[in-house]
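Encoded as structure tokens, the structure appears first; notes follow it.
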Amino acid sequence: MHLDWYDMRNDVTILALNNINNILAQKPVMLNNLEVIENRLKLRNYSTKTIKSYLACLKEFSASINLLPEQIGDQDIELYLLEKQRRGACSQTINVHLNAIKFYFRELYVREINFKYAKRSKKLPVVLAREEIQLILNNTTNPKHKLLLALSYGAGLRVSEGINLKVQDIDFSRGLITLREAKGKKDRQTLLPEKLLEELQKLIAGKNGNNFVFESERGGKLTTRTAQKIFEHGLAKAKVTKTATFHSLRHSFATHLLENGTDIRYVQILLGHANIRTTQLYTNVSSNMIRGIQSPL
């Protein structure tokens, strides 16, 4: 009886060791496949930001699922996404993870993951009043930094579009800015604010067409984080209490255009929205439309 227990205990130990070895052997399989996924994403012309995001999601997924890719079922993916939700991940983050997982299995295993995307919350964008934007600009003392914020508001630029802007992209004679390979790898044109022409010409004087408009002190473009910190510093000094971000300048651009009576279809073009329903969100925060209604009180 004693020998039977000893043998059984050995069998359990061997089984446990085999399971551990299997788990250790599984991890490199998915991680090695990530190199293939990265190449496929590049071939499909996905943005650098999206590639980085997808790879990070897949690394996290592979670390959480102790199974070979062929063994992963829909239920395993569902439980993984539910755990992310339980830990406080927003719907947008969950959808990025789902997109990455879908791409992985579609490309390497010709398998479709038929999950619906998480319903995104429809929060209204934070819009700054014209006076608040002026306060932020007035409290940004560095001329180059001030010009970056002013142009981002005046042309409706994303932070990435502002820091990637090159001298050759500004057409002073036509009053246009060309944004190359913006979101979705699409080119678009937007307004060049007349008020900023002189300051922009001074800033780019002596630069060649391929130089960045807003270069860092050490050369090359400003980082996204630096641009965001410039805005945050100006916001704090201006004592504006709204929970605004750099992107609020773009939200404010769209909202103020609509309040000025600009046709929503032109606003859609300037923002580069593929669907006008995205642009229509700004009609919900346009104060002119609310001011025209008299309260029953």
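Every chain in the structure tokens takes a letter, A first, then B, and so on in the order presented; its residues are numbered from 1, and the ligands are numbered from 1 following the presented order.
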
Can you pull out the residues contacting Thr178 in chain A? Cut-off 7 Å, using only C-alpha atoms, and skip same-chain residues under 4 positions away; I want them as a count of residues only.
5

Would you mind listing what lies within 9 Å of Ile163 in chain A as a PyMOL selection string, with only C-alpha atoms counted and same-chain residues fewer than 4 positions away left out?
chain A and resi 148+158-159+212-215+221-224+227

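With only C-alpha atoms as the atoms that count, the minimum distance from Lys239 in chain A to the choices A:Leu258, A:Cys57, A:Ile133, A:Leu81 is reached by A:Ile133.
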
Dump as a tab-separated table the rows for residues of range 175-237 of chain A within 9 Å of range 38-47 of chain A: closest atom pair and distance in Å with one decimal, only C-alpha atoms counted, ordered by chain and rising residue number.
```
residue	atom	partner	partner_atom	distance
A:Glu181	CA	A:Ser47	CA	9.0
A:Lys183	CA	A:Ser47	CA	8.2
A:Gly184	CA	A:Ser47	CA	7.5
A:Lys185	CA	A:Ser47	CA	7.0
```

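Listed by chain and then by rising number, the residues of range 157-253 of chain A that DSSP assigns to strand (DSSP E) from the backbone are A:Ile170, A:Asp171, A:Leu176, A:Ile177, A:Thr178, A:Leu179, A:Arg188, A:Gln189, A:Thr190, A:Leu191.
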
Write a file of the selected residues as a PDB file, in the first residue's frame, keeping N, CA and C atoms.
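The result, stored in again-v2.pdb:
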```
ATOM      1  N   ILE A 170       3.213  73.307 -45.700  1.00  0.00           N
ATOM      2  CA  ILE A 170       2.503  74.578 -45.531  1.00  0.00           C
ATOM      3  C   ILE A 170       2.506  75.337 -46.855  1.00  0.00           C
ATOM      4  N   ASP A 171       1.330  75.620 -47.362  1.00  0.00           N
ATOM      5  CA  ASP A 171       1.178  76.371 -48.619  1.00  0.00           C
ATOM      6  C   ASP A 171       0.683  77.773 -48.272  1.00  0.00           C
ATOM      7  N   LEU A 176      -3.255  76.903 -47.071  1.00  0.00           N
ATOM      8  CA  LEU A 176      -3.615  75.520 -46.757  1.00  0.00           C
ATOM      9  C   LEU A 176      -2.470  74.779 -46.064  1.00  0.00           C
ATOM     10  N   ILE A 177      -2.835  73.811 -45.258  1.00  0.00           N
ATOM     11  CA  ILE A 177      -1.875  72.882 -44.653  1.00  0.00           C
ATOM     12  C   ILE A 177      -2.235  71.485 -45.155  1.00  0.00           C
ATOM     13  N   THR A 178      -1.244  70.763 -45.657  1.00  0.00           N
ATOM     14  CA  THR A 178      -1.456  69.377 -46.080  1.00  0.00           C
ATOM     15  C   THR A 178      -0.926  68.462 -44.985  1.00  0.00           C
ATOM     16  N   LEU A 179      -1.789  67.592 -44.507  1.00  0.00           N
ATOM     17  CA  LEU A 179      -1.422  66.636 -43.458  1.00  0.00           C
ATOM     18  C   LEU A 179      -1.254  65.276 -44.121  1.00  0.00           C
ATOM     19  N   ARG A 188      -4.885  64.746 -45.940  1.00  0.00           N
ATOM     20  CA  ARG A 188      -6.007  65.689 -45.987  1.00  0.00           C
ATOM     21  C   ARG A 188      -5.458  67.109 -45.925  1.00  0.00           C
ATOM     22  N   GLN A 189      -6.309  68.056 -46.252  1.00  0.00           N
ATOM     23  CA  GLN A 189      -5.927  69.464 -46.179  1.00  0.00           C
ATOM     24  C   GLN A 189      -6.821  70.187 -45.186  1.00  0.00           C
ATOM     25  N   THR A 190      -6.248  71.180 -44.546  1.00  0.00           N
ATOM     26  CA  THR A 190      -7.016  71.986 -43.607  1.00  0.00           C
ATOM     27  C   THR A 190      -6.588  73.447 -43.733  1.00  0.00           C
ATOM     28  N   LEU A 191      -7.228  74.287 -42.942  1.00  0.00           N
ATOM     29  CA  LEU A 191      -6.990  75.731 -43.009  1.00  0.00           C
ATOM     30  C   LEU A 191      -5.624  76.121 -42.468  1.00  0.00           C
TER      31      LEU A 191
END
```

Pick out the residues sitting within 9 Å of Arg130 in chain A, and hand them over as a VMD selection string; count only C-alpha atoms, and ignore anything fewer than 3 positions along from it in its own chain.
chain A and resid 133 to 135 252 256

Hey, can you spit out that residue selection with N, CA and C atoms as a PDB file, in the first residue's frame?
```pdb
ATOM      1  N   ILE A 133      -9.136  79.487 -24.377  1.00  0.00           N
ATOM      2  CA  ILE A 133      -8.008  79.216 -25.276  1.00  0.00           C
ATOM      3  C   ILE A 133      -7.051  80.402 -25.302  1.00  0.00           C
ATOM      4  N   GLN A 134      -7.619  81.610 -25.305  1.00  0.00           N
ATOM      5  CA  GLN A 134      -6.785  82.818 -25.285  1.00  0.00           C
ATOM      6  C   GLN A 134      -5.964  82.889 -23.998  1.00  0.00           C
ATOM      7  N   LEU A 135      -6.579  82.511 -22.877  1.00  0.00           N
ATOM      8  CA  LEU A 135      -5.863  82.483 -21.595  1.00  0.00           C
ATOM      9  C   LEU A 135      -4.706  81.496 -21.624  1.00  0.00           C
ATOM     10  N   SER A 252     -12.454  71.915 -29.854  1.00  0.00           N
ATOM     11  CA  SER A 252     -12.890  73.319 -29.810  1.00  0.00           C
ATOM     12  C   SER A 252     -12.943  73.918 -31.216  1.00  0.00           C
ATOM     13  N   HIS A 256     -16.419  75.405 -32.560  1.00  0.00           N
ATOM     14  CA  HIS A 256     -16.483  76.844 -32.863  1.00  0.00           C
ATOM     15  C   HIS A 256     -16.812  77.097 -34.332  1.00  0.00           C
TER      16      HIS A 256
END
```

Distance query Tyr54 in chain A at most 12 Å, only C-alpha atoms, self and fewer than 2 positions along chain excluded, as a PyMOL selection string:
chain A and resi 34-35+37-38+40-42+46-52+56-61+93-104

Just asking: which residues within range 16-108 of chain A are helix (DSSP H, G or I) according to DSSP, as a PDB file with N, CA and C atoms, in the first residue's frame?
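Writing done, so here's part-v7.pdb:
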```pdb
ATOM      1  N   ALA A  16       2.829  16.928 -13.234  1.00  0.00           N
ATOM      2  CA  ALA A  16       2.933  18.366 -12.963  1.00  0.00           C
ATOM      3  C   ALA A  16       4.127  18.961 -13.698  1.00  0.00           C
ATOM      4  N   LEU A  17       5.255  18.243 -13.676  1.00  0.00           N
ATOM      5  CA  LEU A  17       6.457  18.725 -14.371  1.00  0.00           C
ATOM      6  C   LEU A  17       6.229  18.797 -15.868  1.00  0.00           C
ATOM      7  N   ASN A  18       5.518  17.808 -16.398  1.00  0.00           N
ATOM      8  CA  ASN A  18       5.197  17.825 -17.829  1.00  0.00           C
ATOM      9  C   ASN A  18       4.327  19.012 -18.193  1.00  0.00           C
ATOM     10  N   ASN A  19       3.348  19.314 -17.310  1.00  0.00           N
ATOM     11  CA  ASN A  19       2.470  20.470 -17.556  1.00  0.00           C
ATOM     12  C   ASN A  19       3.258  21.767 -17.554  1.00  0.00           C
ATOM     13  N   ILE A  20       4.182  21.876 -16.591  1.00  0.00           N
ATOM     14  CA  ILE A  20       5.020  23.090 -16.514  1.00  0.00           C
ATOM     15  C   ILE A  20       5.874  23.225 -17.767  1.00  0.00           C
ATOM     16  N   ASN A  21       6.465  22.082 -18.191  1.00  0.00           N
ATOM     17  CA  ASN A  21       7.301  22.102 -19.400  1.00  0.00           C
ATOM     18  C   ASN A  21       6.484  22.471 -20.630  1.00  0.00           C
ATOM     19  N   ASN A  22       5.247  21.971 -20.672  1.00  0.00           N
ATOM     20  CA  ASN A  22       4.361  22.320 -21.797  1.00  0.00           C
ATOM     21  C   ASN A  22       4.071  23.804 -21.829  1.00  0.00           C
ATOM     22  N   ILE A  23       3.794  24.364 -20.647  1.00  0.00           N
ATOM     23  CA  ILE A  23       3.482  25.795 -20.552  1.00  0.00           C
ATOM     24  C   ILE A  23       4.688  26.623 -20.981  1.00  0.00           C
ATOM     25  N   LEU A  24       5.876  26.210 -20.478  1.00  0.00           N
ATOM     26  CA  LEU A  24       7.102  26.946 -20.831  1.00  0.00           C
ATOM     27  C   LEU A  24       7.383  26.844 -22.326  1.00  0.00           C
ATOM     28  N   ALA A  25       7.042  25.710 -22.912  1.00  0.00           N
ATOM     29  CA  ALA A  25       7.286  25.513 -24.342  1.00  0.00           C
ATOM     30  C   ALA A  25       6.296  26.284 -25.196  1.00  0.00           C
ATOM     31  N   GLN A  26       5.094  26.544 -24.627  1.00  0.00           N
ATOM     32  CA  GLN A  26       4.050  27.218 -25.398  1.00  0.00           C
ATOM     33  C   GLN A  26       4.348  28.697 -25.614  1.00  0.00           C
ATOM     34  N   LYS A  27       4.912  29.345 -24.616  1.00  0.00           N
ATOM     35  CA  LYS A  27       5.085  30.801 -24.659  1.00  0.00           C
ATOM     36  C   LYS A  27       5.861  31.265 -25.895  1.00  0.00           C
ATOM     37  N   PRO A  28       7.039  30.614 -26.199  1.00  0.00           N
ATOM     38  CA  PRO A  28       7.785  31.078 -27.359  1.00  0.00           C
ATOM     39  C   PRO A  28       7.036  30.930 -28.665  1.00  0.00           C
ATOM     40  N   VAL A  29       6.116  29.948 -28.748  1.00  0.00           N
ATOM     41  CA  VAL A  29       5.372  29.748 -29.990  1.00  0.00           C
ATOM     42  C   VAL A  29       4.601  31.005 -30.355  1.00  0.00           C
ATOM     43  N   MET A  30       3.859  31.541 -29.404  1.00  0.00           N
ATOM     44  CA  MET A  30       3.062  32.733 -29.680  1.00  0.00           C
ATOM     45  C   MET A  30       3.954  33.955 -29.837  1.00  0.00           C
ATOM     46  N   LEU A  31       5.022  34.022 -29.045  1.00  0.00           N
ATOM     47  CA  LEU A  31       5.926  35.170 -29.135  1.00  0.00           C
ATOM     48  C   LEU A  31       6.694  35.169 -30.450  1.00  0.00           C
ATOM     49  N   ASN A  32       7.076  33.986 -30.933  1.00  0.00           N
ATOM     50  CA  ASN A  32       7.741  33.902 -32.238  1.00  0.00           C
ATOM     51  C   ASN A  32       6.800  34.312 -33.351  1.00  0.00           C
ATOM     52  N   ASN A  33       5.531  33.930 -33.186  1.00  0.00           N
ATOM     53  CA  ASN A  33       4.534  34.308 -34.185  1.00  0.00           C
ATOM     54  C   ASN A  33       4.314  35.819 -34.256  1.00  0.00           C
ATOM     55  N   LEU A  34       4.659  36.505 -33.181  1.00  0.00           N
ATOM     56  CA  LEU A  34       4.475  37.961 -33.164  1.00  0.00           C
ATOM     57  C   LEU A  34       5.347  38.642 -34.209  1.00  0.00           C
ATOM     58  N   GLU A  35       6.489  38.048 -34.523  1.00  0.00           N
ATOM     59  CA  GLU A  35       7.350  38.607 -35.573  1.00  0.00           C
ATOM     60  C   GLU A  35       6.642  38.540 -36.925  1.00  0.00           C
ATOM     61  N   VAL A  36       5.949  37.424 -37.158  1.00  0.00           N
ATOM     62  CA  VAL A  36       5.176  37.269 -38.396  1.00  0.00           C
ATOM     63  C   VAL A  36       4.047  38.285 -38.430  1.00  0.00           C
ATOM     64  N   ILE A  37       3.356  38.437 -37.285  1.00  0.00           N
ATOM     65  CA  ILE A  37       2.254  39.401 -37.190  1.00  0.00           C
ATOM     66  C   ILE A  37       2.753  40.820 -37.454  1.00  0.00           C
ATOM     67  N   GLU A  38       3.891  41.157 -36.873  1.00  0.00           N
ATOM     68  CA  GLU A  38       4.461  42.503 -37.075  1.00  0.00           C
ATOM     69  C   GLU A  38       4.726  42.756 -38.558  1.00  0.00           C
ATOM     70  N   ASN A  39       5.282  41.771 -39.246  1.00  0.00           N
ATOM     71  CA  ASN A  39       5.556  41.920 -40.679  1.00  0.00           C
ATOM     72  C   ASN A  39       4.276  42.041 -41.488  1.00  0.00           C
ATOM     73  N   ARG A  40       3.257  41.270 -41.101  1.00  0.00           N
ATOM     74  CA  ARG A  40       1.973  41.342 -41.815  1.00  0.00           C
ATOM     75  C   ARG A  40       1.323  42.717 -41.631  1.00  0.00           C
ATOM     76  N   LEU A  41       1.409  43.248 -40.420  1.00  0.00           N
ATOM     77  CA  LEU A  41       0.845  44.573 -40.141  1.00  0.00           C
ATOM     78  C   LEU A  41       1.561  45.649 -40.961  1.00  0.00           C
ATOM     79  N   LYS A  42       2.884  45.504 -41.073  1.00  0.00           N
ATOM     80  CA  LYS A  42       3.662  46.466 -41.867  1.00  0.00           C
ATOM     81  C   LYS A  42       3.290  46.380 -43.340  1.00  0.00           C
ATOM     82  N   LEU A  43       3.129  45.156 -43.837  1.00  0.00           N
ATOM     83  CA  LEU A  43       2.751  44.968 -45.239  1.00  0.00           C
ATOM     84  C   LEU A  43       1.373  45.551 -45.539  1.00  0.00           C
ATOM     85  N   THR A  48       2.520  52.940 -37.312  1.00  0.00           N
ATOM     86  CA  THR A  48       3.494  52.503 -36.302  1.00  0.00           C
ATOM     87  C   THR A  48       2.833  52.388 -34.936  1.00  0.00           C
ATOM     88  N   LYS A  49       1.952  53.331 -34.628  1.00  0.00           N
ATOM     89  CA  LYS A  49       1.254  53.340 -33.339  1.00  0.00           C
ATOM     90  C   LYS A  49       0.361  52.102 -33.192  1.00  0.00           C
ATOM     91  N   THR A  50      -0.367  51.751 -34.260  1.00  0.00           N
ATOM     92  CA  THR A  50      -1.257  50.592 -34.216  1.00  0.00           C
ATOM     93  C   THR A  50      -0.459  49.298 -34.086  1.00  0.00           C
ATOM     94  N   ILE A  51       0.644  49.199 -34.819  1.00  0.00           N
ATOM     95  CA  ILE A  51       1.499  48.004 -34.748  1.00  0.00           C
ATOM     96  C   ILE A  51       2.011  47.811 -33.325  1.00  0.00           C
ATOM     97  N   LYS A  52       2.507  48.883 -32.742  1.00  0.00           N
ATOM     98  CA  LYS A  52       3.027  48.824 -31.372  1.00  0.00           C
ATOM     99  C   LYS A  52       1.927  48.404 -30.391  1.00  0.00           C
ATOM    100  N   SER A  53       0.733  48.956 -30.586  1.00  0.00           N
ATOM    101  CA  SER A  53      -0.399  48.661 -29.715  1.00  0.00           C
ATOM    102  C   SER A  53      -0.829  47.203 -29.842  1.00  0.00           C
ATOM    103  N   TYR A  54      -0.952  46.702 -31.072  1.00  0.00           N
ATOM    104  CA  TYR A  54      -1.368  45.313 -31.311  1.00  0.00           C
ATOM    105  C   TYR A  54      -0.369  44.328 -30.703  1.00  0.00           C
ATOM    106  N   LEU A  55       0.920  44.584 -30.892  1.00  0.00           N
ATOM    107  CA  LEU A  55       1.945  43.681 -30.376  1.00  0.00           C
ATOM    108  C   LEU A  55       1.924  43.650 -28.842  1.00  0.00           C
ATOM    109  N   ALA A  56       1.712  44.812 -28.233  1.00  0.00           N
ATOM    110  CA  ALA A  56       1.627  44.880 -26.765  1.00  0.00           C
ATOM    111  C   ALA A  56       0.415  44.089 -26.271  1.00  0.00           C
ATOM    112  N   CYS A  57      -0.709  44.215 -26.969  1.00  0.00           N
ATOM    113  CA  CYS A  57      -1.931  43.476 -26.594  1.00  0.00           C
ATOM    114  C   CYS A  57      -1.713  41.968 -26.694  1.00  0.00           C
ATOM    115  N   LEU A  58      -1.057  41.541 -27.774  1.00  0.00           N
ATOM    116  CA  LEU A  58      -0.842  40.112 -27.987  1.00  0.00           C
ATOM    117  C   LEU A  58       0.159  39.530 -26.990  1.00  0.00           C
ATOM    118  N   LYS A  59       1.153  40.313 -26.603  1.00  0.00           N
ATOM    119  CA  LYS A  59       2.100  39.860 -25.579  1.00  0.00           C
ATOM    120  C   LYS A  59       1.381  39.669 -24.244  1.00  0.00           C
ATOM    121  N   GLU A  60       0.497  40.600 -23.931  1.00  0.00           N
ATOM    122  CA  GLU A  60      -0.279  40.500 -22.692  1.00  0.00           C
ATOM    123  C   GLU A  60      -1.213  39.293 -22.737  1.00  0.00           C
ATOM    124  N   PHE A  61      -1.828  39.087 -23.894  1.00  0.00           N
ATOM    125  CA  PHE A  61      -2.740  37.953 -24.072  1.00  0.00           C
ATOM    126  C   PHE A  61      -1.990  36.625 -23.931  1.00  0.00           C
ATOM    127  N   SER A  62      -0.819  36.521 -24.565  1.00  0.00           N
ATOM    128  CA  SER A  62      -0.045  35.274 -24.514  1.00  0.00           C
ATOM    129  C   SER A  62       0.459  34.985 -23.100  1.00  0.00           C
ATOM    130  N   ALA A  63       0.733  36.040 -22.333  1.00  0.00           N
ATOM    131  CA  ALA A  63       1.186  35.855 -20.943  1.00  0.00           C
ATOM    132  C   ALA A  63       0.052  35.401 -20.033  1.00  0.00           C
ATOM    133  N   SER A  64      -1.191  35.683 -20.440  1.00  0.00           N
ATOM    134  CA  SER A  64      -2.349  35.359 -19.600  1.00  0.00           C
ATOM    135  C   SER A  64      -2.968  34.000 -19.935  1.00  0.00           C
ATOM    136  N   PRO A  69      -1.753  28.245 -29.201  1.00  0.00           N
ATOM    137  CA  PRO A  69      -2.745  28.992 -29.996  1.00  0.00           C
ATOM    138  C   PRO A  69      -3.858  28.114 -30.553  1.00  0.00           C
ATOM    139  N   GLU A  70      -3.478  26.867 -30.974  1.00  0.00           N
ATOM    140  CA  GLU A  70      -4.483  25.963 -31.536  1.00  0.00           C
ATOM    141  C   GLU A  70      -5.504  25.502 -30.496  1.00  0.00           C
ATOM    142  N   GLN A  71      -5.119  25.604 -29.235  1.00  0.00           N
ATOM    143  CA  GLN A  71      -6.006  25.133 -28.152  1.00  0.00           C
ATOM    144  C   GLN A  71      -6.912  26.236 -27.614  1.00  0.00           C
ATOM    145  N   ASP A  74     -12.978  30.196 -28.166  1.00  0.00           N
ATOM    146  CA  ASP A  74     -13.677  31.482 -28.026  1.00  0.00           C
ATOM    147  C   ASP A  74     -13.941  31.813 -26.558  1.00  0.00           C
ATOM    148  N   GLN A  75     -14.229  30.778 -25.766  1.00  0.00           N
ATOM    149  CA  GLN A  75     -14.523  31.003 -24.350  1.00  0.00           C
ATOM    150  C   GLN A  75     -13.299  31.541 -23.610  1.00  0.00           C
ATOM    151  N   ASP A  76     -12.104  31.063 -23.991  1.00  0.00           N
ATOM    152  CA  ASP A  76     -10.868  31.552 -23.359  1.00  0.00           C
ATOM    153  C   ASP A  76     -10.675  33.045 -23.648  1.00  0.00           C
ATOM    154  N   ILE A  77     -10.963  33.424 -24.886  1.00  0.00           N
ATOM    155  CA  ILE A  77     -10.834  34.832 -25.276  1.00  0.00           C
ATOM    156  C   ILE A  77     -11.867  35.678 -24.538  1.00  0.00           C
ATOM    157  N   GLU A  78     -13.079  35.145 -24.451  1.00  0.00           N
ATOM    158  CA  GLU A  78     -14.166  35.847 -23.761  1.00  0.00           C
ATOM    159  C   GLU A  78     -13.815  36.081 -22.288  1.00  0.00           C
ATOM    160  N   LEU A  79     -13.278  35.056 -21.623  1.00  0.00           N
ATOM    161  CA  LEU A  79     -12.898  35.173 -20.212  1.00  0.00           C
ATOM    162  C   LEU A  79     -11.763  36.170 -20.030  1.00  0.00           C
ATOM    163  N   TYR A  80     -10.831  36.189 -20.983  1.00  0.00           N
ATOM    164  CA  TYR A  80      -9.708  37.143 -20.935  1.00  0.00           C
ATOM    165  C   TYR A  80     -10.212  38.587 -21.023  1.00  0.00           C
ATOM    166  N   LEU A  81     -11.136  38.842 -21.957  1.00  0.00           N
ATOM    167  CA  LEU A  81     -11.674  40.189 -22.131  1.00  0.00           C
ATOM    168  C   LEU A  81     -12.542  40.612 -20.939  1.00  0.00           C
ATOM    169  N   LEU A  82     -13.282  39.650 -20.387  1.00  0.00           N
ATOM    170  CA  LEU A  82     -14.101  39.936 -19.202  1.00  0.00           C
ATOM    171  C   LEU A  82     -13.226  40.305 -18.004  1.00  0.00           C
ATOM    172  N   GLU A  83     -12.083  39.627 -17.886  1.00  0.00           N
ATOM    173  CA  GLU A  83     -11.156  39.933 -16.789  1.00  0.00           C
ATOM    174  C   GLU A  83     -10.576  41.337 -16.949  1.00  0.00           C
ATOM    175  N   LYS A  84     -10.293  41.727 -18.183  1.00  0.00           N
ATOM    176  CA  LYS A  84      -9.801  43.087 -18.434  1.00  0.00           C
ATOM    177  C   LYS A  84     -10.862  44.116 -18.046  1.00  0.00           C
ATOM    178  N   GLN A  85     -12.109  43.807 -18.384  1.00  0.00           N
ATOM    179  CA  GLN A  85     -13.214  44.702 -18.027  1.00  0.00           C
ATOM    180  C   GLN A  85     -13.356  44.800 -16.508  1.00  0.00           C
ATOM    181  N   ARG A  86     -13.221  43.647 -15.842  1.00  0.00           N
ATOM    182  CA  ARG A  86     -13.335  43.621 -14.380  1.00  0.00           C
ATOM    183  C   ARG A  86     -12.249  44.468 -13.729  1.00  0.00           C
ATOM    184  N   SER A  91     -14.007  50.423 -22.712  1.00  0.00           N
ATOM    185  CA  SER A  91     -14.469  49.691 -23.886  1.00  0.00           C
ATOM    186  C   SER A  91     -13.513  49.861 -25.068  1.00  0.00           C
ATOM    187  N   GLN A  92     -12.911  51.041 -25.176  1.00  0.00           N
ATOM    188  CA  GLN A  92     -11.974  51.287 -26.285  1.00  0.00           C
ATOM    189  C   GLN A  92     -10.751  50.378 -26.168  1.00  0.00           C
ATOM    190  N   THR A  93     -10.230  50.216 -24.946  1.00  0.00           N
ATOM    191  CA  THR A  93      -9.073  49.348 -24.710  1.00  0.00           C
ATOM    192  C   THR A  93      -9.425  47.890 -25.012  1.00  0.00           C
ATOM    193  N   ILE A  94     -10.598  47.457 -24.562  1.00  0.00           N
ATOM    194  CA  ILE A  94     -11.039  46.079 -24.818  1.00  0.00           C
ATOM    195  C   ILE A  94     -11.168  45.824 -26.312  1.00  0.00           C
ATOM    196  N   ASN A  95     -11.675  46.806 -27.048  1.00  0.00           N
ATOM    197  CA  ASN A  95     -11.832  46.658 -28.495  1.00  0.00           C
ATOM    198  C   ASN A  95     -10.490  46.572 -29.212  1.00  0.00           C
ATOM    199  N   VAL A  96      -9.484  47.297 -28.718  1.00  0.00           N
ATOM    200  CA  VAL A  96      -8.140  47.215 -29.315  1.00  0.00           C
ATOM    201  C   VAL A  96      -7.569  45.814 -29.111  1.00  0.00           C
ATOM    202  N   HIS A  97      -7.736  45.268 -27.902  1.00  0.00           N
ATOM    203  CA  HIS A  97      -7.279  43.903 -27.623  1.00  0.00           C
ATOM    204  C   HIS A  97      -8.002  42.895 -28.517  1.00  0.00           C
ATOM    205  N   LEU A  98      -9.303  43.067 -28.663  1.00  0.00           N
ATOM    206  CA  LEU A  98     -10.083  42.165 -29.508  1.00  0.00           C
ATOM    207  C   LEU A  98      -9.630  42.247 -30.962  1.00  0.00           C
ATOM    208  N   ASN A  99      -9.374  43.455 -31.445  1.00  0.00           N
ATOM    209  CA  ASN A  99      -8.882  43.640 -32.814  1.00  0.00           C
ATOM    210  C   ASN A  99      -7.558  42.921 -33.030  1.00  0.00           C
ATOM    211  N   ALA A 100      -6.658  43.050 -32.048  1.00  0.00           N
ATOM    212  CA  ALA A 100      -5.348  42.412 -32.143  1.00  0.00           C
ATOM    213  C   ALA A 100      -5.488  40.884 -32.182  1.00  0.00           C
ATOM    214  N   ILE A 101      -6.331  40.336 -31.311  1.00  0.00           N
ATOM    215  CA  ILE A 101      -6.552  38.882 -31.251  1.00  0.00           C
ATOM    216  C   ILE A 101      -7.191  38.398 -32.551  1.00  0.00           C
ATOM    217  N   LYS A 102      -8.168  39.144 -33.059  1.00  0.00           N
ATOM    218  CA  LYS A 102      -8.826  38.781 -34.315  1.00  0.00           C
ATOM    219  C   LYS A 102      -7.810  38.741 -35.456  1.00  0.00           C
ATOM    220  N   PHE A 103      -6.962  39.758 -35.513  1.00  0.00           N
ATOM    221  CA  PHE A 103      -5.953  39.820 -36.578  1.00  0.00           C
ATOM    222  C   PHE A 103      -5.014  38.627 -36.479  1.00  0.00           C
ATOM    223  N   TYR A 104      -4.589  38.287 -35.281  1.00  0.00           N
ATOM    224  CA  TYR A 104      -3.660  37.174 -35.046  1.00  0.00           C
ATOM    225  C   TYR A 104      -4.227  35.859 -35.585  1.00  0.00           C
ATOM    226  N   PHE A 105      -5.447  35.539 -35.184  1.00  0.00           N
ATOM    227  CA  PHE A 105      -6.030  34.256 -35.578  1.00  0.00           C
ATOM    228  C   PHE A 105      -6.448  34.241 -37.051  1.00  0.00           C
ATOM    229  N   ARG A 106      -6.858  35.385 -37.555  1.00  0.00           N
ATOM    230  CA  ARG A 106      -7.239  35.448 -38.972  1.00  0.00           C
ATOM    231  C   ARG A 106      -6.023  35.239 -39.877  1.00  0.00           C
ATOM    232  N   GLU A 107      -4.906  35.846 -39.492  1.00  0.00           N
ATOM    233  CA  GLU A 107      -3.704  35.784 -40.322  1.00  0.00           C
ATOM    234  C   GLU A 107      -2.977  34.445 -40.224  1.00  0.00           C
ATOM    235  N   LEU A 108      -2.876  33.897 -39.023  1.00  0.00           N
ATOM    236  CA  LEU A 108      -2.053  32.705 -38.820  1.00  0.00           C
ATOM    237  C   LEU A 108      -2.842  31.390 -38.826  1.00  0.00           C
TER     238      LEU A 108
END
```

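Note that the spacing between CA of Glu199 in chain A and CA of Ala182 in chain A amounts to 24.2 Å.
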
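Between CA of Ala205 in chain A and CA of Glu217 in chain A the separation is 16.0 Å.
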
Fewer than 6 positions away in the same chain doesn't count, so skip those; otherwise give me all residues within 9 Å of Thr140 in chain A, counting only C-alpha atoms, as a PyMOL selection string.
chain A and resi 146+149+230-231+233-235+237-238

Near Ala254 in chain A, within 12 Å and counting only C-alpha atoms, which residues show up once chain neighbours fewer than 4 positions away are dropped, as an NGL selection string?
:A and (125-128 or 152-157 or 190 or 247-250 or 258-273 or 278-286)

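Between Leu147 in chain A and the residues A:Val167, A:Glu132, A:Leu200, A:Pro193, the shortest atom-to-atom distance, using only C-alpha atoms, involves A:Leu200.
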
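Between Tyr109 in chain A and the candidates A:Ala150, A:Gly219, A:Thr241, A:Ile72, the tightest atom-to-atom separation, counting only C-alpha atoms, involves A:Ile72.
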